[in-house]
Amino acid sequence: MNTDSPGSARSCTSAVSETLSGSDSGTVSGSGTVSGSGTVSGSGTDVDGRVIVALDFADRRSAEGLVERLGDACSSYKIGLELLTAAGPGLARDLVGRGNEVFLDLKLFEIPNSVAGAVRAAGVLGASMVTVHGMGGSGIMAAAVDAAREFPRLRVLALTVVTSMTASDLADIGVAADPEEQALRLARLAMRAGCDGVVASPREAGPLRAALGPEPLIVTPGVTLGVTPGPPGGGAGDAGGAGAAGWAGGHARLGTPGAAFAAGASHVVVGRSVARAADPVAALRQVRAAAREAAGKAPGARGPHSGG
């Protein structure tokens, strides 16, 4: 997931709603299938549909290039604020029209009325998931949930603590808790507000599953292949040897897909490990293989839209 601050998310929510209501042109390749209940059933086992590929690009052409290369191998994509702002809503609409699941990672943080409007716009596009900031409190989360009732396939996820943040970052904004404690606090608040699940780093997947039980979705960004976990500057890196400054695209709390699923994640979001691989299809297969291996070890990860 791309990093952001509460201030930046608040300032763009109304613009996001307007952008989602707009239009643009273009086509997109790739396909997948969605059952009538809205459960992901991508090109393989149900576990495969729980692997979401992040289209973290600055322009539509680059995003379409990855979608075309993956073709039928992928049925679930994440679109964040950067691509939505650059490309407009047409890409999301086209992906949905071709049978793909679209996770709109908008991190909505505004007054409840504006959040509700953006969620409705996401529902009209046919999105399967949309994110709101848990730190916005019960009011915006409840407004998002109420707005989503018009769209039975749309799941509202509460972002707990962005994966770039450390305990020091939380202290800077007056939060004394460490990331795990804060994620648990916000997750419980999200459940009381009626959210379908939460977004958290792989490191919090286990404690969250234990606290929330088997039903809520736990979607984990910060997932990469070949990770040696550790804080920035502490020698962590990925198989590409990007170094501490760029090893995980700014993620401070990350993990492997297998570890995330084994801990109880319902979905993982994978970006650079697939998007920047010499062979994206092979990289995606590697992620899915880890998912299948971990599926039997998971302590529970069957939410209402889990693909399980």
# chains A, B, ... in the order shown; residues from 1 in each chain; ligands from 1
$ residues_around --residues "segment 59-71 of chain A" --least-positions-apart "2" --cutoff "12 Å" --atoms "only C-alpha atoms" --output "ChimeraX atom specification"
/A:24-32,42-43,52-57,73-92,94-95,98-100,271-272,274-285
$ atom_distance --atom1 "atom CA of Asp48 of chain A" --atom2 "atom CA of Pro216 of chain A"
18.6 Å
$ select_by_dssp --residues "segment 127-299 of chain A" --states "strand (DSSP E or B)" --output "list in words"
Met129, Val130, Thr131, Val132, His133, Arg155, Val156, Leu157, Ala158, Leu159, Gly197, Val198, Val199, Leu217, Ile218, Val219, Thr220, Pro221, Gly222, Val223, Gly255, His267, Val268, Val269 and Val270 of chain A
$ atom_distance --atom1 "atom CA of Pro202 of chain A" --atom2 "atom CA of Val219 of chain A"
8.6 Å
$ closest_atom_pairs --of "segment 170-222 of chain A" --to "segment 149-153 of chain A" --cutoff "12 Å" --atoms "only C-alpha atoms" --output "CSV"
residue,atom,partner,partner_atom,distance
A:Gly194,CA,A:Arg149,CA,10.8
A:Cys195,CA,A:Arg149,CA,11.1
A:Asp196,CA,A:Arg153,CA,11.2
$ write_last_selection --atoms "all heavy atoms" --output "PDB file, in the first residue's frame"
ATOM      1  N   GLY A 194     -19.379  -2.110  12.180  1.00  0.00           N
ATOM      2  CA  GLY A 194     -19.994  -2.937  11.157  1.00  0.00           C
ATOM      3  C   GLY A 194     -19.141  -3.206   9.936  1.00  0.00           C
ATOM      4  O   GLY A 194     -19.639  -3.737   8.938  1.00  0.00           O
ATOM      5  N   CYS A 195     -17.860  -2.852   9.979  1.00  0.00           N
ATOM      6  CA  CYS A 195     -16.988  -3.096   8.834  1.00  0.00           C
ATOM      7  C   CYS A 195     -16.844  -4.594   8.573  1.00  0.00           C
ATOM      8  O   CYS A 195     -16.972  -5.417   9.483  1.00  0.00           O
ATOM      9  CB  CYS A 195     -15.606  -2.482   9.063  1.00  0.00           C
ATOM     10  SG  CYS A 195     -15.583  -0.678   9.067  1.00  0.00           S
ATOM     11  N   ASP A 196     -16.560  -4.922   7.321  1.00  0.00           N
ATOM     12  CA  ASP A 196     -16.399  -6.318   6.926  1.00  0.00           C
ATOM     13  C   ASP A 196     -15.027  -6.872   7.271  1.00  0.00           C
ATOM     14  O   ASP A 196     -14.829  -8.089   7.254  1.00  0.00           O
ATOM     15  CB  ASP A 196     -16.619  -6.473   5.423  1.00  0.00           C
ATOM     16  CG  ASP A 196     -18.029  -6.113   5.025  1.00  0.00           C
ATOM     17  OD1 ASP A 196     -18.940  -6.895   5.339  1.00  0.00           O
ATOM     18  OD2 ASP A 196     -18.223  -5.050   4.412  1.00  0.00           O
TER      19      ASP A 196
END
$ residues_around --residues "segment 142-148 of chain A" --least-positions-apart "6" --cutoff "6 Å" --atoms "only C-alpha atoms" --output "ChimeraX atom specification"
/A:112,116,120,193
$ write_last_selection --atoms "N, CA, C and O atoms" --output "mmCIF file, in the first residue's frame"
data_model
loop_
_atom_site.group_PDB
_atom_site.id
_atom_site.type_symbol
_atom_site.label_atom_id
_atom_site.label_comp_id
_atom_site.auth_asym_id
_atom_site.auth_seq_id
_atom_site.Cartn_x
_atom_site.Cartn_y
_atom_site.Cartn_z
ATOM 1 N N PRO A 112 -18.356 12.211 7.595
ATOM 2 C CA PRO A 112 -19.111 11.016 7.213
ATOM 3 C C PRO A 112 -19.882 11.155 5.913
ATOM 4 O O PRO A 112 -19.939 10.203 5.122
ATOM 5 N N ALA A 116 -19.393 8.637 2.777
ATOM 6 C CA ALA A 116 -20.515 7.861 2.249
ATOM 7 C C ALA A 116 -20.661 8.063 0.743
ATOM 8 O O ALA A 116 -20.898 7.105 -0.006
ATOM 9 N N ARG A 120 -20.386 5.123 -2.115
ATOM 10 C CA ARG A 120 -21.433 4.856 -3.117
ATOM 11 C C ARG A 120 -20.857 4.889 -4.526
ATOM 12 O O ARG A 120 -21.209 4.060 -5.380
ATOM 13 N N ALA A 193 -18.365 -0.910 14.376
ATOM 14 C CA ALA A 193 -18.989 -0.023 13.385
ATOM 15 C C ALA A 193 -19.617 -0.797 12.240
ATOM 16 O O ALA A 193 -20.305 -0.209 11.410
#
$ select_by_dssp --residues "segment 66-187 of chain A" --states "alpha helix (DSSP H)" --output "ChimeraX atom specification"
/A:66-70,81-87,90-97,112-125,138-148,167-172,179-187
